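S.K.: My structure file target_28.tsv, TSV, C-alpha atoms and all ligand atoms, is below:
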chain	number	residue	atom	x	y	z
V	1	MET	CA	220.48	255.32	99.52
V	2	ALA	CA	224.05	254.15	99.84
V	3	ASN	CA	226.37	254.52	96.88
V	4	ASP	CA	227.75	251.02	97.18
V	5	ASN	CA	226.76	249.08	94.07
V	6	LEU	CA	229.19	246.20	94.16
V	7	THR	CA	228.62	244.16	91.00
V	8	ALA	CA	229.94	240.85	89.59
V	9	VAL	CA	231.04	241.47	86.01
V	10	LEU	CA	232.23	238.78	83.60
V	11	TYR	CA	234.89	240.36	81.38
V	12	GLY	CA	235.80	237.21	79.46
V	13	ILE	CA	236.79	233.59	79.89
V	14	GLU	CA	238.03	232.99	83.45
V	15	ASP	CA	237.81	236.72	84.14
V	16	LEU	CA	235.05	237.48	86.65
V	17	ARG	CA	235.56	240.71	88.60
V	18	LEU	CA	233.82	242.55	91.40
V	19	GLU	CA	233.59	246.26	90.75
V	20	GLN	CA	231.48	249.32	91.55
V	21	ARG	CA	228.84	250.29	89.01
V	22	PRO	CA	226.49	253.29	89.04
V	23	ILE	CA	223.05	252.66	90.57
V	24	PRO	CA	220.67	252.47	87.58
V	25	GLU	CA	217.96	255.07	86.88
V	26	ILE	CA	214.51	253.55	86.35
V	27	ALA	CA	211.91	254.18	83.64
V	28	ASP	CA	208.22	254.68	84.44
V	29	ASP	CA	207.38	250.98	84.07
V	30	GLU	CA	210.39	249.70	86.02
V	31	VAL	CA	211.38	249.11	89.62
V	32	LEU	CA	214.76	249.48	91.26
V	33	LEU	CA	215.56	246.37	93.29
V	34	LYS	CA	217.91	246.08	96.19
V	35	MET	CA	219.07	242.57	95.38
V	36	ASP	CA	219.02	239.86	98.03
V	37	SER	CA	219.68	236.30	96.83
V	38	VAL	CA	221.13	235.17	93.50
V	39	GLY	CA	221.58	231.47	92.67
V	40	ILE	CA	224.36	230.26	90.40
V	41	CYS	CA	223.15	228.35	87.36
V	42	GLY	CA	225.09	226.00	85.09
V	43	SER	CA	224.83	228.60	82.32
V	44	ASP	CA	226.59	231.25	84.46
V	45	VAL	CA	229.45	228.81	84.98
V	46	HIS	CA	229.43	227.96	81.25
V	47	TYR	CA	229.91	231.63	80.30
V	48	LEU	CA	232.77	231.88	82.79
V	49	VAL	CA	234.51	228.81	81.39
V	50	HIS	CA	233.68	229.05	77.67
V	51	GLY	CA	232.59	232.65	77.07
V	52	ARG	CA	229.64	231.47	75.03
V	53	ILE	CA	226.62	229.18	74.85
V	54	GLY	CA	225.81	228.31	71.24
V	55	ASP	CA	225.21	231.51	69.32
V	56	PHE	CA	225.22	233.67	72.47
V	57	VAL	CA	228.78	234.96	72.65
V	58	LEU	CA	230.28	237.23	75.29
V	59	THR	CA	231.82	240.13	73.35
V	60	LYS	CA	231.81	242.78	76.07
V	61	PRO	CA	231.75	242.78	79.88
V	62	MET	CA	228.45	241.44	81.23
V	63	ILE	CA	226.98	241.41	84.74
V	64	ILE	CA	226.43	237.76	85.66
V	65	GLY	CA	223.46	236.16	87.46
V	66	HIS	CA	219.78	235.58	86.71
V	67	GLU	CA	218.17	233.46	89.47
V	68	ALA	CA	217.28	236.29	91.77
V	69	SER	CA	215.12	237.98	94.35
V	70	GLY	CA	215.25	241.47	95.82
V	71	ILE	CA	213.43	244.24	97.62
V	72	VAL	CA	211.73	247.07	95.79
V	73	ALA	CA	213.70	250.26	96.48
V	74	LYS	CA	212.00	252.59	93.98
V	75	VAL	CA	208.94	252.32	91.75
V	76	GLY	CA	208.35	253.94	88.37
V	77	LYS	CA	205.38	256.29	87.95
V	78	LYS	CA	203.26	253.76	86.04
V	79	VAL	CA	203.82	250.84	88.42
V	80	LYS	CA	200.63	249.94	90.26
V	81	HIS	CA	201.13	246.46	91.72
V	82	LEU	CA	204.35	247.01	93.68
V	83	ALA	CA	205.44	249.38	96.45
V	84	VAL	CA	208.75	250.25	98.06
V	85	GLY	CA	209.67	247.51	100.53
V	86	ASP	CA	207.94	244.66	98.66
V	87	ARG	CA	209.94	241.45	98.50
V	88	VAL	CA	209.91	240.11	94.94
V	89	ALA	CA	211.15	237.29	92.72
V	90	CYS	CA	212.54	238.56	89.48
V	91	GLU	CA	211.68	236.70	86.24
V	92	PRO	CA	214.88	237.35	84.29
V	93	GLY	CA	213.60	237.41	80.72
V	94	VAL	CA	211.67	240.44	79.48
V	95	PRO	CA	210.13	240.05	76.00
V	96	CYS	CA	209.06	242.83	73.60
V	97	ARG	CA	205.33	242.23	74.30
V	98	TYR	CA	204.46	243.31	70.69
V	99	CYS	CA	205.55	240.49	68.35
V	100	ASP	CA	203.33	237.60	67.20
V	101	HIS	CA	204.85	235.24	69.76
V	102	CYS	CA	204.32	237.65	72.60
V	103	LYS	CA	200.77	238.37	71.52
V	104	ALA	CA	200.05	234.66	71.17
V	105	GLY	CA	201.20	234.11	74.74
V	106	GLN	CA	204.47	232.34	73.92
V	107	TYR	CA	206.69	235.16	75.05
V	108	ASN	CA	209.60	232.81	75.75
V	109	LEU	CA	209.97	232.57	71.96
V	110	CYS	CA	210.16	236.35	71.47
V	111	PRO	CA	213.12	237.13	69.15
V	112	ASP	CA	213.74	240.37	71.01
V	113	MET	CA	213.88	238.85	74.47
V	114	ILE	CA	216.13	240.68	76.91
V	115	PHE	CA	217.37	237.98	79.25
V	116	CYS	CA	219.62	238.57	82.26
V	117	ALA	CA	223.19	237.38	81.80
V	118	THR	CA	222.62	236.17	78.25
V	119	PRO	CA	224.94	238.27	76.06
V	120	PRO	CA	224.68	241.13	75.37
V	121	TYR	CA	222.36	241.75	78.35
V	122	ASP	CA	223.43	242.31	81.93
V	123	GLY	CA	222.34	240.05	84.77
V	124	ASN	CA	221.57	240.89	88.37
V	125	LEU	CA	224.38	239.79	90.68
V	126	THR	CA	224.71	243.35	91.89
V	127	ARG	CA	223.46	245.36	94.85
V	128	TYR	CA	221.06	247.56	92.85
V	129	TYR	CA	219.37	246.37	89.69
V	130	LYS	CA	216.43	247.71	87.66
V	131	HIS	CA	213.82	245.45	86.12
V	132	ALA	CA	210.49	245.60	84.27
V	133	ALA	CA	207.93	245.79	87.07
V	134	ASP	CA	205.53	243.37	85.37
V	135	PHE	CA	208.21	240.65	85.55
V	136	CYS	CA	208.56	241.00	89.31
V	137	TYR	CA	206.38	238.82	91.54
V	138	LYS	CA	205.57	239.84	95.08
V	139	LEU	CA	206.46	237.13	97.58
V	140	PRO	CA	204.13	236.32	100.48
V	141	ASP	CA	205.74	236.97	103.87
V	142	HIS	CA	206.39	233.29	104.59
V	143	VAL	CA	208.27	232.67	101.31
V	144	THR	CA	211.98	233.36	101.80
V	145	MET	CA	214.21	235.36	99.48
V	146	GLU	CA	216.19	232.19	98.75
V	147	GLU	CA	212.99	230.45	97.68
V	148	GLY	CA	212.19	233.51	95.57
V	149	ALA	CA	215.49	233.10	93.72
V	150	LEU	CA	214.79	229.39	93.21
V	151	LEU	CA	211.53	230.16	91.40
V	152	GLU	CA	213.71	230.58	88.32
V	153	PRO	CA	214.88	226.97	87.99
V	154	LEU	CA	211.56	225.73	89.40
V	155	SER	CA	209.77	227.52	86.56
V	156	VAL	CA	211.85	225.49	84.09
V	157	GLY	CA	210.63	222.32	85.83
V	158	VAL	CA	207.01	223.50	85.78
V	159	HIS	CA	207.28	224.42	82.10
V	160	ALA	CA	208.86	221.05	81.23
V	161	CYS	CA	206.09	219.16	83.03
V	162	ARG	CA	203.43	221.28	81.35
V	163	ARG	CA	205.02	220.64	77.94
V	164	ALA	CA	205.04	216.91	78.74
V	165	GLY	CA	201.42	217.02	79.88
V	166	VAL	CA	202.21	215.61	83.32
V	167	GLY	CA	199.02	215.12	85.31
V	168	LEU	CA	197.23	212.82	87.72
V	169	GLY	CA	198.62	209.31	87.51
V	170	SER	CA	201.47	210.11	85.10
V	171	LYS	CA	204.42	207.77	85.09
V	172	VAL	CA	207.42	210.00	84.55
V	173	LEU	CA	211.04	209.29	83.71
V	174	VAL	CA	213.43	212.17	84.51
V	175	LEU	CA	216.95	211.92	83.08
V	176	GLY	CA	219.62	213.72	85.08
V	177	ALA	CA	219.39	214.67	88.77
V	178	GLY	CA	221.10	218.04	88.60
V	179	PRO	CA	219.22	221.14	89.76
V	180	ILE	CA	216.96	221.06	86.69
V	181	GLY	CA	216.20	217.34	87.00
V	182	LEU	CA	215.42	217.82	90.68
V	183	VAL	CA	213.03	220.74	90.17
V	184	THR	CA	211.37	218.75	87.38
V	185	LEU	CA	210.93	215.89	89.82
V	186	LEU	CA	209.36	218.27	92.37
V	187	ALA	CA	207.04	219.81	89.78
V	188	ALA	CA	205.98	216.40	88.43
V	189	GLN	CA	205.06	215.19	91.92
V	190	ALA	CA	203.10	218.37	92.63
V	191	MET	CA	201.26	218.03	89.33
V	192	GLY	CA	200.01	214.58	90.26
V	193	ALA	CA	202.54	212.10	88.88
V	194	GLU	CA	202.04	208.66	90.39
V	195	GLN	CA	205.62	207.53	89.78
V	196	VAL	CA	208.82	209.41	89.03
V	197	LEU	CA	211.97	207.48	88.20
V	198	ILE	CA	215.09	209.62	88.02
V	199	THR	CA	218.45	208.58	86.58
V	200	ASP	CA	221.97	209.92	87.00
V	201	LEU	CA	225.58	208.79	86.82
V	202	VAL	CA	226.22	210.05	90.36
V	203	GLN	CA	224.72	208.18	93.33
V	204	GLN	CA	224.89	211.20	95.65
V	205	ARG	CA	222.54	213.15	93.35
V	206	LEU	CA	220.14	210.20	93.29
V	207	ASP	CA	220.21	210.15	97.09
V	208	VAL	CA	219.00	213.75	97.10
V	209	ALA	CA	216.30	212.84	94.57
V	210	LYS	CA	215.16	210.02	96.83
V	211	GLU	CA	215.02	212.42	99.78
V	212	LEU	CA	212.88	214.74	97.67
V	213	GLY	CA	210.42	211.92	97.06
V	214	ALA	CA	211.42	210.21	93.81
V	215	THR	CA	209.60	206.87	93.77
V	216	HIS	CA	212.56	205.21	92.03
V	217	THR	CA	216.17	206.04	91.23
V	218	LEU	CA	218.44	204.33	88.73
V	219	LEU	CA	222.21	204.71	88.65
V	220	MET	CA	223.35	204.51	85.04
V	221	GLY	CA	226.70	203.30	83.80
V	222	LYS	CA	228.40	205.53	81.21
V	223	ASP	CA	228.73	202.72	78.66
V	224	GLU	CA	225.38	201.00	78.96
V	225	SER	CA	223.30	200.89	75.79
V	226	ALA	CA	220.13	203.00	75.83
V	227	GLU	CA	218.02	199.97	74.83
V	228	ASP	CA	219.32	197.97	77.79
V	229	VAL	CA	218.73	200.80	80.27
V	230	ALA	CA	215.23	201.30	78.85
V	231	LYS	CA	214.45	197.68	79.78
V	232	LYS	CA	215.77	198.31	83.30
V	233	VAL	CA	213.56	201.41	83.58
V	234	HIS	CA	210.52	199.31	82.64
V	235	GLN	CA	211.46	196.63	85.16
V	236	VAL	CA	211.98	199.07	88.01
V	237	MET	CA	208.81	201.07	87.33
V	238	GLY	CA	206.74	198.02	86.50
V	239	VAL	CA	205.30	200.02	83.58
V	240	GLU	CA	206.59	202.01	80.63
V	241	PRO	CA	206.73	205.74	81.47
V	242	ASP	CA	204.27	207.85	79.48
V	243	LYS	CA	206.41	211.00	79.88
V	244	SER	CA	210.19	211.24	79.74
V	245	ILE	CA	211.92	214.51	80.48
V	246	ASP	CA	215.58	214.75	79.49
V	247	CYS	CA	217.21	217.15	81.95
V	248	CYS	CA	220.72	216.22	80.89
V	249	GLY	CA	220.90	216.47	77.09
V	250	ALA	CA	223.66	213.93	76.57
V	251	GLU	CA	223.15	211.83	73.44
V	252	SER	CA	222.75	208.78	75.67
V	253	THR	CA	219.97	210.36	77.76
V	254	THR	CA	218.06	211.58	74.73
V	255	ARG	CA	218.30	208.12	73.19
V	256	LEU	CA	217.16	206.53	76.44
V	257	SER	CA	214.25	208.93	76.80
V	258	ILE	CA	212.93	207.82	73.40
V	259	PHE	CA	213.50	204.07	73.84
V	260	ALA	CA	211.97	204.08	77.33
V	261	THR	CA	208.79	206.05	76.58
V	262	ARG	CA	205.63	204.07	76.04
V	263	SER	CA	204.04	204.17	72.58
V	264	GLY	CA	201.87	207.27	72.25
V	265	GLY	CA	203.80	209.01	75.04
V	266	CYS	CA	205.82	212.19	75.08
V	267	VAL	CA	209.53	212.99	75.32
V	268	VAL	CA	210.52	216.48	76.41
V	269	ILE	CA	214.06	217.73	75.88
V	270	VAL	CA	215.29	220.31	78.39
V	271	GLY	CA	219.03	219.56	78.55
V	272	MET	CA	221.23	221.14	75.95
V	273	GLY	CA	224.04	218.87	74.84
V	274	SER	CA	225.27	218.02	71.37
V	275	PRO	CA	223.43	220.16	68.80
V	276	GLU	CA	222.90	217.20	66.46
V	277	PRO	CA	222.78	213.99	68.49
V	278	LYS	CA	222.17	210.56	66.97
V	279	ILE	CA	218.64	209.61	68.04
V	280	PRO	CA	216.25	206.75	67.11
V	281	LEU	CA	213.82	208.92	65.17
V	282	ILE	CA	212.07	206.10	63.31
V	283	ASN	CA	211.49	204.28	66.59
V	284	ALA	CA	209.78	207.44	67.87
V	285	LEU	CA	207.65	208.01	64.79
V	286	ALA	CA	206.58	204.40	64.42
V	287	ARG	CA	205.36	204.42	68.01
V	288	GLU	CA	203.91	207.95	67.87
V	289	VAL	CA	206.19	209.17	70.63
V	290	ASP	CA	206.06	212.97	70.49
V	291	ILE	CA	209.35	214.84	70.95
V	292	ARG	CA	209.04	218.36	72.33
V	293	GLY	CA	211.51	221.08	73.19
V	294	VAL	CA	211.57	223.37	76.18
V	295	PHE	CA	212.91	226.89	76.13
V	296	ARG	CA	213.00	228.40	79.59
V	297	TYR	CA	209.42	229.11	80.72
V	298	CYS	CA	206.38	231.17	79.89
V	299	ASN	CA	203.70	232.21	82.38
V	300	ASP	CA	205.14	229.64	84.78
V	301	TYR	CA	206.42	231.92	87.58
V	302	PRO	CA	202.98	232.31	89.19
V	303	ALA	CA	202.49	228.53	89.29
V	304	ALA	CA	206.00	227.99	90.65
V	305	LEU	CA	205.36	230.58	93.35
V	306	ALA	CA	202.01	228.96	94.22
V	307	LEU	CA	203.70	225.57	94.60
V	308	VAL	CA	206.28	227.00	97.01
V	309	ALA	CA	203.86	229.25	98.91
V	310	SER	CA	201.38	226.41	99.46
V	311	GLY	CA	204.12	224.12	100.75
V	312	LYS	CA	203.46	221.57	97.96
V	313	VAL	CA	207.05	221.90	96.85
V	314	ASN	CA	210.11	222.30	99.05
V	315	VAL	CA	212.96	223.71	96.97
V	316	LYS	CA	215.19	224.53	99.93
V	317	ARG	CA	216.90	221.12	99.92
V	318	LEU	CA	218.53	222.05	96.60
V	319	ILE	CA	220.63	224.76	98.23
V	320	THR	CA	223.87	223.25	99.46
V	321	HIS	CA	226.12	226.30	99.81
V	322	HIS	CA	225.88	229.98	100.77
V	323	PHE	CA	228.33	232.79	100.00
V	324	ASP	CA	228.38	236.55	100.33
V	325	ILE	CA	228.68	238.57	97.09
V	326	THR	CA	232.24	239.47	98.14
V	327	GLU	CA	233.01	235.71	97.88
V	328	THR	CA	231.67	235.40	94.34
V	329	ALA	CA	234.85	233.76	92.98
V	330	LYS	CA	234.69	231.04	95.63
V	331	ALA	CA	230.97	230.57	95.02
V	332	PHE	CA	231.59	229.99	91.30
V	333	GLU	CA	234.42	227.58	92.04
V	334	THR	CA	232.17	225.58	94.37
V	335	SER	CA	229.43	225.38	91.76
V	336	ARG	CA	231.82	224.64	88.90
V	337	TYR	CA	233.67	221.74	90.53
V	338	GLY	CA	230.75	220.50	92.63
V	339	HIS	CA	232.84	220.91	95.77
V	340	GLY	CA	231.20	219.47	98.86
V	341	GLY	CA	228.43	217.86	96.80
V	342	ALA	CA	227.28	221.26	95.58
V	343	ILE	CA	223.89	221.33	93.90
V	344	LYS	CA	222.62	224.90	94.13
V	345	VAL	CA	225.02	227.58	95.32
V	346	MET	CA	223.34	230.74	96.60
V	347	ILE	CA	225.03	234.14	96.67
V	348	HIS	CA	223.77	236.65	99.22
V	349	VAL	CA	223.93	240.28	98.22
V	350	GLN	CA	222.52	241.23	101.63
V	351	PRO	CA	223.65	239.41	104.76
V	352	ARG	CA	221.81	236.08	104.78
V	353	ASP	CA	218.24	236.09	106.14
V	354	THR	CA	218.13	239.88	106.47
V	355	ASN	CA	214.87	240.05	104.56
V	356	ASN	CA	213.06	236.87	105.51
V	401	LIG	P1	223.83	219.68	85.70
V	401	LIG	O1	225.00	219.49	84.80
V	401	LIG	O2	224.03	220.13	87.10
V	401	LIG	O3	222.99	218.33	85.78
V	401	LIG	C1	223.05	217.33	84.83
V	401	LIG	C2	222.98	215.99	85.58
V	401	LIG	O4	222.95	214.96	84.60
V	401	LIG	C3	224.20	215.76	86.47
V	401	LIG	O5	223.77	215.38	87.76
V	401	LIG	C4	224.94	214.63	85.76
V	401	LIG	O6	225.61	213.75	86.66
V	401	LIG	C5	223.81	213.93	85.03
V	401	LIG	N1	224.24	213.14	83.88
V	401	LIG	C6	225.26	213.36	83.04
V	401	LIG	N2	225.30	212.40	82.10
V	401	LIG	C7	224.27	211.55	82.37
V	401	LIG	C8	223.80	210.37	81.77
V	401	LIG	N3	224.39	209.86	80.69
V	401	LIG	N4	222.71	209.77	82.31
V	401	LIG	C9	222.10	210.29	83.40
V	401	LIG	N5	222.51	211.42	84.00
V	401	LIG	C10	223.59	212.03	83.50
V	401	LIG	O7	222.88	220.68	84.93
V	401	LIG	P2	221.48	221.37	85.33
V	401	LIG	O8	221.73	222.73	85.85
V	401	LIG	O9	220.64	220.44	86.11
V	401	LIG	O10	220.87	221.57	83.88
V	401	LIG	C11	220.56	220.43	83.09
V	401	LIG	C12	220.50	220.79	81.61
V	401	LIG	O11	219.38	221.61	81.37
V	401	LIG	C13	221.70	221.56	81.07
V	401	LIG	O12	222.04	221.04	79.80
V	401	LIG	C14	221.19	222.97	80.94
V	401	LIG	O13	221.86	223.68	79.93
V	401	LIG	C15	219.77	222.69	80.55
V	401	LIG	N6	218.81	223.79	80.76
V	401	LIG	C16	217.93	224.02	79.78
V	401	LIG	C17	216.97	224.98	79.92
V	401	LIG	C18	216.00	225.20	78.81
V	401	LIG	O14	215.34	226.23	78.80
V	401	LIG	N7	215.86	224.28	77.90
V	401	LIG	C19	216.91	225.75	81.08
V	401	LIG	C20	217.82	225.49	82.11
V	401	LIG	C21	218.77	224.50	81.94
V	402	ZN	ZN	208.05	239.63	71.46
Let me see the file written as structure tokens.
M.R.:
Amino acid sequence: MANDNLTAVLYGIEDLRLEQRPIPEIADDEVLLKMDSVGICGSDVHYLVHGRIGDFVLTKPMIIGHEASGIVAKVGKKVKHLAVGDRVACEPGVPCRYCDHCKAGQYNLCPDMIFCATPPYDGNLTRYYKHAADFCYKLPDHVTMEEGALLEPLSVGVHACRRAGVGLGSKVLVLGAGPIGLVTLLAAQAMGAEQVLITDLVQQRLDVAKELGATHTLLMGKDESAEDVAKKVHQVMGVEPDKSIDCCGAESTTRLSIFATRSGGCVVIVGMGSPEPKIPLINALAREVDIRGVFRYCNDYPAALALVASGKVNVKRLITHHFDITETAKAFETSRYGHGGAIKVMIHVQPRDTNN
């Protein structure tokens, strides 16, 4: 094995460096992965720009990256389901497996979760990375490494749709057509939604949503009142949506998601904006509109993989840019400023398509 373990390390605000790190030693229940594709997520950019997200504060250098796929290079003694050479998607959060939440099957709520590139834990934009083997999912031969990396955001979309109870015939409103809104759109369609209307402030993002099969798109003005836009949503859809999924988290989108949802329906909040937004709570309670949160995903990777492997969902259109790990700074700049209509920026740790 080569000694090159080039790694992208965030030292602090606006201080992302490439440096050599030792190749990790694995425990009996872990695998060593030769990383392949790592997508940049809004949260990675947020740590670069602000050094924190809420209570998660960068206090020491942290390896960045968490939307990843790689090739198994070594297996621990206890690992039965993976072998050297397997191509895998890597679910980035590893819970304790012992607490009440873990035992109840809601491991995304585990207080001891170790999550890639959430301080203080290292991520996986590096050539060699070790991970809990049971959080690695073997990819079928026809699923690409890039698609494997995209299972991370897609799992958020699957989880959001499951939380909303999207099913056959659902009429869904998705707020925000960023990567998360778009994967939520894809998941909702695959789960049987009859209509999906997606909103954004940026027409170019809505154009992508339309290409991906959104039945309706609605360009919002920044200063429109949520009540007025809710009426427009009803007009365009011809019905009131029974599920609204806020993939933006601005106060205005959360307000709109409540006003627009039909009585007895469900609002799911995925986007993280203001911690205490002004929302029409009495309107929601008087119409029995349920408001639910989403935190990452839980047991959703297998479903996300099945959607991609079966061809029901095509996530590839989300990728707009490709960079080599040596171009990490440029990749982050492209994602941060949305250069060239960037949606999902993919970093290749191996030369692109080496392992497809
Ligand atoms: P993004 O910033 O790329 O996308 C947000 C989109 O919303 C953009 O296209 C933007 O133009 C649009 N937008 C902004 N204001 C709007 C408005 N008033 N009305 C309609 N659209 C508006 O971000 P993303 O990567 O797609 O992530 C979306 C959100 O989801 C972020 O807040 C992120 O932190 C959050 N997130 C949450 C979880 C979770 O577990 N809950 C997981 C992943 C991401
Ligand atoms: Zn736990």
S.K.: With all atoms listed in the file counted, which protein, DNA or RNA residues have an atom no more than 9 Å from (209.5, 206.5, 70.1) in the file frame? Please answer as a list in words.
M.R.: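 Residues with an atom at most 9 Å from (209.5, 206.5, 70.1): Ser257, Ile258, Phe259, Ala260, Thr261, Arg262, Ser263, Gly264, Gly265, Cys266, Val267, Pro280, Leu281, Ile282, Asn283, Ala284, Leu285, Ala286, Arg287, Glu288, Val289, Asp290 and Ile291 of chain V.
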S.K.: Within 6 Å of ligand ZN 402 (chain V), which residues of chain V come that close, and what is the closest atom pair and distance in Å for each? Count all atoms listed in the file and give it as CSV.
M.R.:
residue,atom,partner,partner_atom,distance
V:Pro95,CA,V:ZN402,ZN,5.0
V:Cys96,CA,V:ZN402,ZN,4.0
V:Arg97,CA,V:ZN402,ZN,4.7
V:Tyr98,CA,V:ZN402,ZN,5.2
V:Cys99,CA,V:ZN402,ZN,4.1
V:His101,CA,V:ZN402,ZN,5.7
V:Cys102,CA,V:ZN402,ZN,4.4
V:Tyr107,CA,V:ZN402,ZN,5.9
V:Cys110,CA,V:ZN402,ZN,3.9
V:Asp112,CA,V:ZN402,ZN,5.8
S.K.: Generate the output file for the selected residues, C-alpha atoms, as a PDB file, keeping the file's coordinate frame.
M.R.:
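As written to disk, part27.pdb reads:
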ATOM      1  CA  PRO V  95     210.130 240.050  76.000  1.00  0.00           C
ATOM      2  CA  CYS V  96     209.060 242.830  73.600  1.00  0.00           C
ATOM      3  CA  ARG V  97     205.330 242.230  74.300  1.00  0.00           C
ATOM      4  CA  TYR V  98     204.460 243.310  70.690  1.00  0.00           C
ATOM      5  CA  CYS V  99     205.550 240.490  68.350  1.00  0.00           C
ATOM      6  CA  HIS V 101     204.850 235.240  69.760  1.00  0.00           C
ATOM      7  CA  CYS V 102     204.320 237.650  72.600  1.00  0.00           C
ATOM      8  CA  TYR V 107     206.690 235.160  75.050  1.00  0.00           C
ATOM      9  CA  CYS V 110     210.160 236.350  71.470  1.00  0.00           C
ATOM     10  CA  ASP V 112     213.740 240.370  71.010  1.00  0.00           C
TER      11      ASP V 112
END
S.K.: Which residues, written as a count of residues only, have at least one atom at most 12 Å from Glu147 of chain V, with all atoms listed in the file counted and residues fewer than 5 positions away on the same chain left out?
M.R.: 39
S.K.: Counting only C-alpha atoms, which residues come within 12 Å of (217.1, 220.7, 78.6), with the point read in the file's coordinates, and could you list them as a PyMOL selection string?
M.R.: chain V and resi 42-43+153+156-157+159-161+174-176+178-181+184+244-251+253-254+267-275+292-297
S.K.: Assuming 8 Å of padding per side, give the centre and edge lengths of the axis-aligned box around every listed atom of ligand LIG 401 (chain V), in Å to one decimal and as AutoDock Vina command-line options.
M.R.:
--center_x 220.5 --center_y 218.0 --center_z 82.8 --size_x 26.3 --size_y 32.5 --size_z 25.9
S.K.: Please measure the separation of atom CA of Leu33 of chain V and atom CA of Cys136 of chain V, giving the value in Å to one decimal.
M.R.: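 Separation of atom CA of Leu33 of chain V and atom CA of Cys136 of chain V: 9.7 Å.
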S.K.: Atom CA of Gln189 of chain V and atom CA of Ala303 of chain V, how far apart in Å?
M.R.: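 Pair atom CA of Ala303 of chain V / atom CA of Gln189 of chain V returns 13.8 Å.
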S.K.: Could you list, as a list of chain:residue names, every residue within 10 Å of segment 210-213 of chain V, counting only C-alpha atoms and ignoring same-chain residues fewer than 2 positions away?
M.R.: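 Listed by chain and then number, they are V:Leu182, V:Val183, V:Leu185, V:Leu186, V:Gln189, V:Gln195, V:Val196, V:Leu197, V:Ile198, V:Gln204, V:Arg205, V:Leu206, V:Asp207, V:Val208, V:Thr215, V:His216, V:Thr217, V:Val313, V:Asn314, V:Val315, V:Arg317, V:Leu318.
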S.K.: Grab the residues selected above and save them as a PDB file, keeping the file's coordinate frame with C-alpha atoms.
M.R.:
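What follows is the written file part_22.pdb:
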ATOM      1  CA  LEU V 182     215.420 217.820  90.680  1.00  0.00           C
ATOM      2  CA  VAL V 183     213.030 220.740  90.170  1.00  0.00           C
ATOM      3  CA  LEU V 185     210.930 215.890  89.820  1.00  0.00           C
ATOM      4  CA  LEU V 186     209.360 218.270  92.370  1.00  0.00           C
ATOM      5  CA  GLN V 189     205.060 215.190  91.920  1.00  0.00           C
ATOM      6  CA  GLN V 195     205.620 207.530  89.780  1.00  0.00           C
ATOM      7  CA  VAL V 196     208.820 209.410  89.030  1.00  0.00           C
ATOM      8  CA  LEU V 197     211.970 207.480  88.200  1.00  0.00           C
ATOM      9  CA  ILE V 198     215.090 209.620  88.020  1.00  0.00           C
ATOM     10  CA  GLN V 204     224.890 211.200  95.650  1.00  0.00           C
ATOM     11  CA  ARG V 205     222.540 213.150  93.350  1.00  0.00           C
ATOM     12  CA  LEU V 206     220.140 210.200  93.290  1.00  0.00           C
ATOM     13  CA  ASP V 207     220.210 210.150  97.090  1.00  0.00           C
ATOM     14  CA  VAL V 208     219.000 213.750  97.100  1.00  0.00           C
ATOM     15  CA  THR V 215     209.600 206.870  93.770  1.00  0.00           C
ATOM     16  CA  HIS V 216     212.560 205.210  92.030  1.00  0.00           C
ATOM     17  CA  THR V 217     216.170 206.040  91.230  1.00  0.00           C
ATOM     18  CA  VAL V 313     207.050 221.900  96.850  1.00  0.00           C
ATOM     19  CA  ASN V 314     210.110 222.300  99.050  1.00  0.00           C
ATOM     20  CA  VAL V 315     212.960 223.710  96.970  1.00  0.00           C
ATOM     21  CA  ARG V 317     216.900 221.120  99.920  1.00  0.00           C
ATOM     22  CA  LEU V 318     218.530 222.050  96.600  1.00  0.00           C
TER      23      LEU V 318
END
S.K.: Taking into account all atoms listed in the file, which residue in the set V:Arg163, V:His234, V:Lys138, V:Lys171 is nearest to ligand LIG 401 (chain V)?
M.R.: V:Arg163
S.K.: Looking at all atoms listed in the file, which of V:Ile40, V:Val239, V:Ala132, V:Val31 is the one that sits closest to ligand LIG 401 (chain V)?
M.R.: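 Among the listed residues, V:Ile40 lies closest to ligand LIG 401 (chain V).
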S.K.: Go through V:Lys103, V:Arg352, V:His321, V:Arg255 one by one, measure the shortest atom-to-atom distance of each to ligand LIG 401 (chain V) using only C-alpha atoms and all ligand atoms, and give the residue with the smallest value.
M.R.: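 Of the candidates, the smallest distance to ligand LIG 401 (chain V) is held by V:Arg255.
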S.K.: Any idea what's packed within 7 Å of Tyr128 of chain V, counting all atoms listed in the file, ignoring anything in its chain fewer than 3 positions away? Could you give it as a list in words?
M.R.: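 So, after excluding close chain neighbours, the residues are Asn5, Ile23, Leu32, Leu33, Lys34 and Met35 of chain V.
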